[in-house]
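Colleague: Can you read through this structure? Questions will come right after.
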Amino acid sequence: MKTSRSLPFALLLLLVPCHGFALDLPRSGHAVFDRAVELVVDNFYDTSALDRFSAAVRRQVSDERGRLTAKSSEDRVDAAVDTVLASLGVSHTGRFTDDTIDYYELADIFRFAIRNDIKRLFPPDGEVRYAGIGMVTRVEGRQRFVSDVYDGAPAARAGIRLGDEILSVDGLPYREIASFRDKIGRTVDVRLRRHRDALPITVTVAVERLQPLRTFEKAIENSIAVTEREGRRIGYLRLWTLSTRDGLDIVARELAGGRLKNADGVIVDLRGRWGGGPPDAADLFVGGVPTFRLISRDGKDMFGTVRWQRPVVAIIDQGSRSGLELFAHALKVNGIPLVGSRTAGALLAGRAFLLPDDSLLEVAVSDAVIDDTLRLEGRGVEPDIAVPFSLPYAAGRDPQHDAAIMEMQRILTKG
């Protein structure tokens, strides 16, 4: 089933024209740094920010105490690129290397932008893959905690929970990619601490070959659930990203004729990983077009449009970014309550480029404006019901989800 939608953000971004902007900047002689600088100067959407960017570049190239040169170490180059990009102070602008999960997920999202190199980067067929277990971590202080567990992925099946402190993998420090490389089809022992003062435990997890966008689609599908509270059926789904080809169609099918069809209300979890997607994605819940379907003589349905017309509550946090923020904004202005914490404030249009070392550079190439004047970049969307969430040692507890359930129960009871 395919619903009619606007061009997805990922495609729209590739159609944005880019114009050069002449700046007389010194060159370091290092191919990666110099190419990154060139791409920003030629493509960054806000030319007024290029003065401070230029000053940051000159400091890196001209500072005699630690001047960047063609022979500079990899760590020095990494730091220099990160520093000059940070001077721009916006989202959708950063460099990603192949020792991170972000690199593979963004490579799949921006696969059209790097299409000329995709088969060389991911032989033999150009399908983006990496060895992993389907979890993402975040460092707080000096400790590393599980910040995302993809629904249905190996980490979830093994019982790894949100907020677990990760101590080691197979006895070595955790590395996003290196800890699982060459271990597909085998298992790893993840040593973790679930409670602050508890003894560590070891969880055995299968390593799989993960295709990022397909993994997100499976996670969206596996997240869908219906629970009964006080005689009411409350549905739940999590939109990990809007950038997949079929993610929104999976949701539409479940709303129209699947597991969510008979729910009294639905909780839409927008605490995702990436945004993207069509600008009208929220029309599934707030659009004016009625649900429309065709029924063949054998009784099979084919949905043309889907519109959920029962209560909705959404969950947001800093993981709600880009297209998911536009989604959250659309829900809010239509009176749908948002539960959680402020969104990322990261709504620009980004474009991806390959650097000489095959790292991925994302550059913000267009501003994003809602109704002529509203910009969410640097601002975000505020929740209607603020619920803080502390990650360390959460042991799988999710107060934002619990608050959304309570709000849905209140709405359904009120009628």
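Each chain in the structure tokens gets a letter, A, B, ..., in the order shown, and its residues are numbered from 1; ligands are numbered from 1 in order too.
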What lies within 7 Å of A:Ser366 using only C-alpha atoms, ignoring chain neighbours under 6 positions off, as a PyMOL selection string?
Modeller: chain A and resi 45+348-349
Colleague: May I have all residues of stretch 212-347 of chain A that DSSP, computed from the backbone, assigns to strand (DSSP E or B), given as a PyMOL selection string?
Modeller: chain A and resi 225-229+232-238+265-269+292-295+301-305+312-316+338-340
Colleague: Counting only C-alpha atoms, which residues of stretch 248-295 of chain A fall within 12 Å of stretch 86-101 of chain A, and what is the closest atom pair for each with its distance in Å at one decimal, ordered by chain and rising number, as a Markdown table?
Modeller:
```
| residue | atom | partner | partner_atom | distance |
| --- | --- | --- | --- | --- |
| A:Arg273 | CA | A:Ile101 | CA | 11.0 |
| A:Trp274 | CA | A:His92 | CA | 10.5 |
| A:Gly275 | CA | A:His92 | CA | 10.6 |
| A:Gly276 | CA | A:His92 | CA | 11.2 |
```
Colleague: Could you give me the residues within stretch 65-265 of chain A that DSSP places in alpha helix (DSSP H), as a PyMOL selection string?
Modeller: chain A and resi 74-86+101-109+118-121+154-157+212-223+247-257
Colleague: Could you give me, as a ChimeraX atom specification, the residues within 12 Å of A:Glu254, counting only C-alpha atoms and dropping anything in the same chain fewer than 3 positions from it?
Modeller: /A:1,220-226,235-237,247-251,257-263,266,284,303,306-308
Colleague: Dump C-alpha atoms for the selected residues as a short mmCIF file (atom, residue, chain, number, x, y, z; two decimals), in the first residue's frame?
Modeller:
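Resulting contents of again-v5.cif:
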```
data_model
loop_
_atom_site.label_atom_id
_atom_site.label_comp_id
_atom_site.auth_asym_id
_atom_site.auth_seq_id
_atom_site.Cartn_x
_atom_site.Cartn_y
_atom_site.Cartn_z
CA MET A 1 0.00 0.00 0.00
CA ILE A 220 8.77 1.05 13.75
CA GLU A 221 6.79 -2.10 13.00
CA ASN A 222 8.00 -3.90 16.13
CA SER A 223 7.21 -0.90 18.34
CA ILE A 224 3.48 -1.10 17.61
CA ALA A 225 1.50 -2.37 20.57
CA VAL A 226 -1.93 -2.09 22.16
CA GLY A 235 -2.20 1.99 20.93
CA TYR A 236 1.47 2.92 20.72
CA LEU A 237 3.97 3.39 17.91
CA GLY A 247 7.92 3.58 7.54
CA LEU A 248 4.90 5.84 7.21
CA ASP A 249 3.12 3.28 5.06
CA ILE A 250 3.62 0.69 7.81
CA VAL A 251 2.00 3.10 10.27
CA GLY A 257 -6.60 -2.13 9.10
CA GLY A 258 -3.98 -3.59 11.40
CA ARG A 259 -3.17 -3.78 15.10
CA LEU A 260 -4.11 -0.16 15.81
CA LYS A 261 -7.41 -0.17 13.95
CA ASN A 262 -9.56 -0.81 17.01
CA ALA A 263 -7.56 1.26 19.49
CA VAL A 266 -2.89 6.19 19.90
CA LEU A 284 -1.93 10.84 9.10
CA PHE A 303 -5.84 2.30 0.91
CA VAL A 306 -5.42 7.28 5.77
CA ARG A 307 -6.52 9.67 8.48
CA TRP A 308 -6.70 8.64 12.15
#
```
Colleague: Atom CA of A:Val32 to atom CA of A:Pro356: how many Å, to one decimal?
Modeller: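 Atom CA of A:Pro356 lies at a distance of 5.6 Å from atom CA of A:Val32.
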Colleague: Using only C-alpha atoms, which protein or nucleic acid residues come within 10 Å of stretch 189-198 of chain A? Drop anything in the same chain fewer than 3 positions from it, and give the result as a ChimeraX atom specification.
Modeller: /A:144-146,155,160-174,179,201-206,392-396
Colleague: Using only C-alpha atoms, which residues sit within 9 Å of A:Arg229 once same-chain residues fewer than 4 positions away are excluded, as a ChimeraX atom specification?
Modeller: /A:233-234,405,409
Colleague: Name all residues at most 8 Å from A:Tyr104 (count only C-alpha atoms; drop same-chain ones fewer than 5 positions away) and give them as a ChimeraX atom specification.
Modeller: /A:98,128-130,212
Colleague: Near A:Asp182, counting only C-alpha atoms, which residues have an atom at most 12 Å away, once you skip same-chain residues fewer than 2 positions from it, shown as a ChimeraX atom specification?
Modeller: /A:130-132,177-180,184-188,207-209
Colleague: What is the distance between atom CA of A:Leu121 and atom CA of A:Arg321, in Å to one decimal?
Modeller: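 Between these atoms lies a distance of 27.3 Å.
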Colleague: Enter the distance from atom CA of A:Ile118 to atom CA of A:Gly272, in Å, rounded to one decimal.
Modeller: 25.3 Å
